>>> print(open('run16.cif').read())   # mmCIF, C-alpha atoms
data_structure
#
loop_
_atom_site.label_atom_id
_atom_site.label_comp_id
_atom_site.auth_asym_id
_atom_site.auth_seq_id
_atom_site.Cartn_x
_atom_site.Cartn_y
_atom_site.Cartn_z
CA MET A 281 56.96 90.68 157.03
CA ALA A 282 59.67 88.05 156.57
CA GLY A 283 58.68 86.31 159.80
CA SER A 284 55.01 86.07 158.82
CA THR A 285 56.01 84.79 155.36
CA LEU A 286 58.13 82.03 156.87
CA ALA A 287 55.35 81.12 159.31
CA SER A 288 52.86 80.91 156.45
CA ALA A 289 55.34 78.83 154.45
CA GLY A 290 55.73 76.48 157.41
CA ARG A 291 51.98 75.86 157.49
CA ASP A 292 51.96 75.23 153.74
CA LEU A 293 54.88 72.81 154.07
CA ALA A 294 52.91 70.81 156.65
CA ARG A 295 50.25 70.29 153.96
CA HIS A 296 52.79 69.34 151.28
CA ARG A 297 52.48 65.52 151.26
CA ALA A 298 55.55 64.75 149.18
CA ALA A 299 57.75 67.03 151.28
CA LEU A 300 56.36 65.56 154.51
CA ALA A 301 57.00 62.01 153.29
CA ALA A 302 60.55 63.02 152.33
CA ALA A 303 61.09 64.64 155.73
CA VAL A 304 59.91 61.48 157.52
CA ALA A 305 62.17 59.27 155.36
CA LEU A 306 65.11 61.61 155.94
CA ALA A 307 64.48 61.72 159.70
CA ALA A 308 64.26 57.92 159.86
CA LEU A 309 67.48 57.55 157.88
CA CYS A 310 69.32 60.03 160.10
CA LEU A 311 67.96 58.39 163.26
CA VAL A 312 69.14 54.93 162.19
CA ALA A 313 72.55 56.32 161.19
CA LEU A 314 73.00 58.06 164.55
CA ALA A 315 71.76 55.05 166.55
CA ALA A 316 73.78 52.51 164.53
CA PRO A 317 76.59 52.16 167.13
CA TRP A 318 73.94 50.93 169.61
CA LEU A 319 71.90 48.96 167.07
CA SER A 320 74.81 46.90 165.78
CA PRO A 321 77.02 44.70 167.97
CA HIS A 322 79.95 45.36 165.63
CA ALA A 323 82.15 48.42 165.36
CA ALA A 324 82.48 49.94 161.91
CA GLY A 325 86.22 49.23 161.72
CA ALA A 326 86.27 45.84 163.47
CA ILE A 327 88.05 43.27 161.28
CA ASP A 328 87.06 39.59 161.45
CA LEU A 329 89.18 37.60 158.99
CA ALA A 330 87.29 34.44 159.94
CA ARG A 331 84.12 35.83 158.30
CA PRO A 332 85.13 37.49 155.03
CA ALA A 333 82.55 38.44 152.39
CA LEU A 334 79.52 36.91 154.10
CA ALA A 335 76.32 37.38 152.13
CA PRO A 336 73.35 39.09 153.84
CA GLY A 337 71.53 36.60 156.05
CA ALA A 338 74.43 34.13 156.15
CA ASP A 339 75.16 35.13 159.75
CA ALA A 340 72.55 36.35 162.22
CA SER A 341 74.93 38.93 163.70
CA HIS A 342 75.76 40.38 160.26
CA GLY A 343 72.35 41.11 158.77
CA TRP A 344 73.76 43.06 155.82
CA GLY A 345 76.76 40.76 155.37
CA THR A 346 80.47 41.54 155.67
CA ASP A 347 83.17 42.88 153.35
CA ARG A 348 86.44 41.26 152.30
CA LEU A 349 88.00 41.98 155.70
CA GLY A 350 85.03 40.70 157.67
CA ARG A 351 83.80 44.17 158.61
CA ASP A 352 80.06 44.52 159.17
CA VAL A 353 78.42 46.13 156.13
CA PHE A 354 75.59 47.70 158.16
CA ALA A 355 78.01 49.38 160.59
CA ARG A 356 80.26 50.57 157.76
CA THR A 357 77.34 51.89 155.71
CA MET A 358 75.90 53.79 158.66
CA GLN A 359 79.33 55.28 159.38
CA GLY A 360 79.54 56.33 155.75
CA LEU A 361 76.06 57.83 155.94
CA ARG A 362 77.00 59.86 159.02
CA ILE A 363 80.16 61.23 157.42
CA SER A 364 78.45 62.02 154.11
CA LEU A 365 75.63 63.81 155.94
CA LEU A 366 78.11 65.74 158.09
CA ILE A 367 80.13 66.91 155.10
CA GLY A 368 77.04 67.67 153.01
CA LEU A 369 75.26 69.68 155.70
CA ALA A 370 78.38 71.54 156.82
CA ALA A 371 79.44 72.37 153.26
CA ALA A 372 75.92 73.58 152.40
CA LEU A 373 75.81 75.83 155.48
CA VAL A 374 79.28 77.27 154.85
CA SER A 375 78.40 77.84 151.21
CA ALA A 376 75.14 79.56 152.21
CA VAL A 377 76.90 81.91 154.65
CA ILE A 378 79.60 82.89 152.15
CA GLY A 379 77.17 83.17 149.25
CA VAL A 380 74.65 85.27 151.17
CA ALA A 381 77.30 87.66 152.45
CA TRP A 382 78.96 88.02 149.04
CA GLY A 383 75.75 88.36 147.05
CA ALA A 384 74.08 90.77 149.49
CA VAL A 385 77.07 93.13 149.56
CA ALA A 386 77.47 93.02 145.76
CA GLY A 387 73.78 93.57 145.08
CA TYR A 388 73.29 96.36 147.60
CA ALA A 389 76.52 98.20 146.76
CA GLY A 390 76.00 98.01 142.98
CA GLY A 391 78.25 99.86 140.55
CA ARG A 392 81.92 99.00 140.34
CA ILE A 393 81.92 96.99 143.56
CA ASP A 394 79.19 94.77 142.20
CA ALA A 395 80.98 94.41 138.85
CA VAL A 396 84.30 93.41 140.45
CA MET A 397 82.74 90.97 142.93
CA MET A 398 80.64 89.22 140.29
CA ARG A 399 83.58 88.97 137.86
CA ILE A 400 85.41 87.08 140.61
CA VAL A 401 82.42 84.72 140.80
CA ASP A 402 82.53 84.25 137.02
CA ILE A 403 86.24 83.41 137.13
CA LEU A 404 85.73 80.84 139.88
CA TYR A 405 82.85 79.33 137.92
CA ALA A 406 85.18 78.80 134.97
CA LEU A 407 87.75 76.83 136.98
CA PRO A 408 87.25 73.05 137.23
CA PHE A 409 85.92 71.84 140.58
CA VAL A 410 88.44 69.00 140.95
CA PHE A 411 91.23 71.58 140.51
CA PHE A 412 90.46 73.04 143.95
CA VAL A 413 90.39 69.61 145.54
CA ILE A 414 93.75 68.58 144.10
CA ILE A 415 95.37 71.83 145.27
CA LEU A 416 93.97 71.57 148.79
CA ALA A 417 94.80 67.86 149.01
CA THR A 418 98.37 68.60 147.91
CA LEU A 419 98.77 71.45 150.39
CA PHE A 420 97.05 69.95 153.42
CA GLY A 421 96.94 66.20 152.89
CA ARG A 422 94.48 63.89 151.20
CA GLY A 423 91.67 62.34 153.19
CA SER A 424 91.18 65.09 155.77
CA VAL A 425 87.50 65.79 156.41
CA PRO A 426 88.08 69.55 157.02
CA VAL A 427 90.07 69.78 153.76
CA LEU A 428 87.32 67.95 151.88
CA LEU A 429 84.72 70.27 153.43
CA ALA A 430 86.74 73.34 152.45
CA ALA A 431 87.18 72.05 148.90
CA ILE A 432 83.47 71.44 148.38
CA ALA A 433 82.41 74.71 150.05
CA SER A 434 84.98 76.68 148.01
CA VAL A 435 82.77 76.46 144.92
CA GLY A 436 79.38 75.67 146.46
CA TRP A 437 78.65 79.31 147.35
CA LEU A 438 78.84 80.70 143.82
CA THR A 439 75.23 80.04 142.78
CA THR A 440 73.94 81.25 146.15
CA ALA A 441 75.86 84.50 145.66
CA ARG A 442 74.21 85.03 142.26
CA ILE A 443 70.73 84.34 143.63
CA VAL A 444 71.14 86.69 146.61
CA ARG A 445 72.75 89.37 144.45
CA GLY A 446 69.73 89.37 142.14
CA GLN A 447 67.35 89.64 145.10
CA ALA A 448 69.42 92.42 146.68
CA LEU A 449 69.48 94.41 143.41
CA ALA A 450 65.69 94.32 143.32
CA LEU A 451 65.26 95.17 147.00
CA ARG A 452 67.63 98.16 147.02
CA ARG A 453 65.16 100.02 144.77
CA GLN A 454 62.21 99.47 147.11
CA GLY A 455 60.65 102.31 149.06
CA PHE A 456 61.36 100.85 152.51
CA ILE A 457 65.10 100.82 151.71
CA ASP A 458 64.92 104.50 150.69
CA ALA A 459 63.07 105.22 153.93
CA ALA A 460 65.75 103.43 155.97
CA ARG A 461 68.47 105.49 154.26
CA ALA A 462 66.53 108.71 154.92
CA MET A 463 66.36 107.78 158.62
CA GLY A 464 70.14 107.55 158.70
CA SER A 465 70.55 103.77 158.77
CA SER A 466 74.03 102.60 157.78
CA GLY A 467 74.65 100.21 154.90
CA GLY A 468 75.45 97.38 157.30
CA ARG A 469 72.26 97.94 159.27
CA ILE A 470 70.16 98.00 156.08
CA LEU A 471 71.75 94.75 154.93
CA TRP A 472 71.15 93.07 158.30
CA ARG A 473 67.67 94.41 159.10
CA HIS A 474 66.07 94.71 155.66
CA ILE A 475 67.94 92.88 152.89
CA LEU A 476 68.83 89.58 154.57
CA PRO A 477 65.40 88.87 156.13
CA ASN A 478 63.76 89.37 152.75
CA VAL A 479 66.08 86.95 150.94
CA ALA A 480 65.73 84.28 153.64
CA GLY A 481 63.05 82.31 151.79
CA PRO A 482 64.96 81.73 148.54
CA VAL A 483 68.18 81.09 150.47
CA ILE A 484 66.58 78.44 152.70
CA ALA A 485 65.00 76.74 149.69
CA TYR A 486 68.21 76.74 147.67
CA THR A 487 70.33 75.61 150.63
CA ALA A 488 68.02 72.62 151.11
CA LEU A 489 68.57 71.74 147.46
CA THR A 490 72.33 72.28 147.86
CA VAL A 491 72.75 69.61 150.55
CA PRO A 492 72.21 66.63 148.20
CA GLN A 493 74.47 68.33 145.65
CA MET A 494 77.24 68.58 148.27
CA ILE A 495 76.75 64.94 149.24
CA ILE A 496 77.07 63.93 145.59
CA TYR A 497 80.25 66.02 145.31
CA GLU A 498 81.70 64.28 148.35
CA SER A 499 80.70 60.85 147.04
CA PHE A 500 82.25 61.61 143.65
CA LEU A 501 85.53 62.72 145.22
CA SER A 502 85.64 59.72 147.54
CA PHE A 503 84.87 57.44 144.59
CA LEU A 504 87.93 58.91 142.83
CA GLY A 505 90.07 58.37 145.93
CA LEU A 506 90.36 62.10 146.71
CA GLY A 507 87.89 62.05 149.59
CA VAL A 508 87.57 60.22 152.88
CA GLN A 509 90.30 57.65 153.47
CA GLU A 510 90.57 54.50 155.59
CA PRO A 511 89.82 53.72 158.38
CA LEU A 512 86.91 56.15 157.92
CA ALA A 513 84.34 55.57 155.22
CA SER A 514 81.79 57.66 153.36
CA LEU A 515 79.07 56.49 151.04
CA GLY A 516 81.23 57.42 148.07
CA SER A 517 84.25 55.42 149.26
CA LEU A 518 82.02 52.44 150.09
CA ILE A 519 80.48 52.57 146.62
CA SER A 520 83.98 52.69 145.15
CA GLU A 521 84.97 49.61 147.15
CA GLY A 522 81.75 47.81 146.28
CA ALA A 523 82.13 48.53 142.56
CA ARG A 524 85.36 46.53 142.52
CA ASP A 525 83.57 43.44 143.89
CA MET A 526 80.11 43.96 142.40
CA GLU A 527 80.13 40.62 140.54
CA SER A 528 81.21 38.40 143.43
CA ALA A 529 79.77 40.42 146.34
CA PRO A 530 77.04 42.75 145.01
CA TRP A 531 75.76 43.61 148.50
CA LEU A 532 78.91 45.65 149.09
CA LEU A 533 77.72 48.02 146.35
CA LEU A 534 73.96 47.77 146.84
CA ALA A 535 73.90 48.77 150.52
CA PRO A 536 75.72 52.15 150.26
CA ALA A 537 74.21 52.87 146.82
CA ALA A 538 70.67 52.35 148.16
CA CYS A 539 71.36 54.61 151.16
CA LEU A 540 72.83 57.32 148.91
CA THR A 541 69.85 57.10 146.55
CA LEU A 542 67.30 57.32 149.39
CA LEU A 543 69.21 60.14 151.07
CA THR A 544 69.57 62.33 147.99
CA LEU A 545 66.01 61.59 146.82
CA SER A 546 64.57 62.60 150.20
CA LEU A 547 66.65 65.77 150.32
CA ASN A 548 65.72 66.74 146.77
CA VAL A 549 61.97 66.20 147.34
CA LEU A 550 62.13 68.13 150.62
CA GLY A 551 64.08 70.91 148.91
CA ASP A 552 61.52 71.05 146.10
CA GLY A 553 58.76 71.32 148.70
CA LEU A 554 60.54 74.18 150.46
CA ARG A 555 61.04 75.92 147.14
CA ASP A 556 57.33 75.60 146.37
CA VAL A 557 56.15 77.06 149.66
CA LEU A 558 58.84 79.75 149.86
CA ASP A 559 58.34 80.97 146.30
CA PRO A 560 57.83 84.75 146.63
CA ARG A 561 55.29 84.64 143.81
CA THR A 562 53.17 82.37 146.03
CA HIS A 563 53.92 84.18 149.29
CA PRO A 564 54.28 87.88 148.50
#
>>> encode(input="run16.cif", output="structure tokens")
Amino acid sequence: MAGSTLASAGRDLARHRAALAAAVALAALCLVALAAPWLSPHAAGAIDLARPALAPGADASHGWGTDRLGRDVFARTMQGLRISLLIGLAAALVSAVIGVAWGAVAGYAGGRIDAVMMRIVDILYALPFVFFVIILATLFGRGSVPVLLAAIASVGWLTTARIVRGQALALRRQGFIDAARAMGSSGGRILWRHILPNVAGPVIAYTALTVPQMIIYESFLSFLGLGVQEPLASLGSLISEGARDMESAPWLLLAPAACLTLLTLSLNVLGDGLRDVLDPRTHP
């Protein structure tokens, strides 16, 4: 049932023009970001003090200009795009795995187990997000990509857990679950074979919408100086650098800001399209 639903949703997504346009834009952006080391003659961290703060078009080899240290803006922006995408995708996937596992167990178990598990979620919701980042940065060092990933994923799974828990609560009362219990299936087998496949649609849709949220989190932290550190760059750290020179060198802000806007817009439109076609009310 779940497989046929996803196949039907895939056909509907192919007819969803806005989602298709967003997918094409996202694919093009990712392709350029991955191919940037071969498209640009300059390394992202290469310093050229003889060409500081060149405006776009002032030098044929620096189409997007250079920063205050003579580093190529195109190469730096594409490096930032790669790192932001990596952190956003990885954090969204980790959050989805934790949230699905937590929510499915809580919803299927019910009773006191459900109450205790969801109170933990409520407590974590009440704590400020930056609090986790500061603690992890203090314990493990600021600027580490794994630490940043762990900090973002540490709170990103909470909404997923609530969504899956609600779905699992509804499914555990269905007749096919009672039939599986009567046939002697264990709780783990029921979760794996019956609960998880039937929550796949909402989880996929919400995870797609979580990716831009994670990228914004990373950009916000990097903008505050709690994220990626030199010599690496993310879109957030590049925007932070560009904001300091926006009056004298606006291209340093416009390039990463435009990439971040296009990236998050494409992901949000694609996520909305997935949500539309995977809506269980549309695909029973």
>>> resolve_selection(input="run16.cif", expression="the PyMOL selection byres ((chain A and resi 494) around 9)", output="list of chain:residue names")
A:Ser364, A:Ile367, A:Gly368, A:Leu369, A:Ala371, A:Ala372, A:Ile432, A:Ala433, A:Gly436, A:Thr490, A:Val491, A:Pro492, A:Gln493, A:Ile495, A:Ile496, A:Tyr497, A:Glu498, A:Ser499
>>> closest_residue(input="run16.cif", among="A:Ala460, A:Ile414, A:Ala333, A:Leu534", to="Leu504 (chain A)", atoms="all atoms listed in the file")
A:Ile414
>>> residues_around(input="run16.cif", residues="Phe411 (chain A)", least_positions_apart="6", cutoff="12 Å", atoms="only C-alpha atoms", output="number ranges by chain")
A: 404-405, 417-418, 431-432, 434-435, 501, 506
>>> write_last_selection(input="run16.cif", atoms="C-alpha atoms", output="mmCIF file, in the coordinates of the input")
data_model
loop_
_atom_site.group_PDB
_atom_site.id
_atom_site.type_symbol
_atom_site.label_atom_id
_atom_site.label_comp_id
_atom_site.auth_asym_id
_atom_site.auth_seq_id
_atom_site.Cartn_x
_atom_site.Cartn_y
_atom_site.Cartn_z
ATOM 1 C CA LEU A 404 85.730 80.840 139.880
ATOM 2 C CA TYR A 405 82.850 79.330 137.920
ATOM 3 C CA ALA A 417 94.800 67.860 149.010
ATOM 4 C CA THR A 418 98.370 68.600 147.910
ATOM 5 C CA ALA A 431 87.180 72.050 148.900
ATOM 6 C CA ILE A 432 83.470 71.440 148.380
ATOM 7 C CA SER A 434 84.980 76.680 148.010
ATOM 8 C CA VAL A 435 82.770 76.460 144.920
ATOM 9 C CA LEU A 501 85.530 62.720 145.220
ATOM 10 C CA LEU A 506 90.360 62.100 146.710
#
>>> residues_around(input="run16.cif", residues="region 307-320 of chain A", least_positions_apart="4", cutoff="9 Å", atoms="all atoms listed in the file", output="MDAnalysis selection string")
chainID A and resid 302:303 324 341:342 352 354:355 357:362 365 539 542:543
>>> resolve_selection(input="run16.cif", expression="the PyMOL selection byres ((chain A and resi 502) around 9)", output="MDAnalysis selection string")
chainID A and resid 423 497:501 503:509 513:520
>>> closest_residue(input="run16.cif", among="A:His296, A:Arg399, A:Arg524, A:Arg555", to="Ala386 (chain A)", atoms="only C-alpha atoms")
A:Arg399
>>> atom_distance(input="run16.cif", atom1="CA of Gly390 (chain A)", atom2="CA of Ala485 (chain A)")
24.9 Å
>>> residues_around(input="run16.cif", residues="Gly343 (chain A)", least_positions_apart="4", cutoff="10 Å", atoms="only C-alpha atoms", output="number ranges by chain")
A: 320, 334-339, 352-354
>>> atom_distance(input="run16.cif", atom1="CA of Val410 (chain A)", atom2="CA of Leu428 (chain A)")
11.0 Å
>>> closest_residue(input="run16.cif", among="A:Leu540, A:Ile443, A:Leu532, A:Ile457", to="Arg473 (chain A)", atoms="all atoms listed in the file")
A:Ile457
>>> resolve_selection(input="run16.cif", expression="the PyMOL selection byres ((chain A and resi 331) around 9)", output="list in words")
Ile327, Asp328, Leu329, Ala330, Pro332, Ala333, Leu334, Thr346, Asp347, Arg348, Leu349, Gly350 and Arg351 of chain A
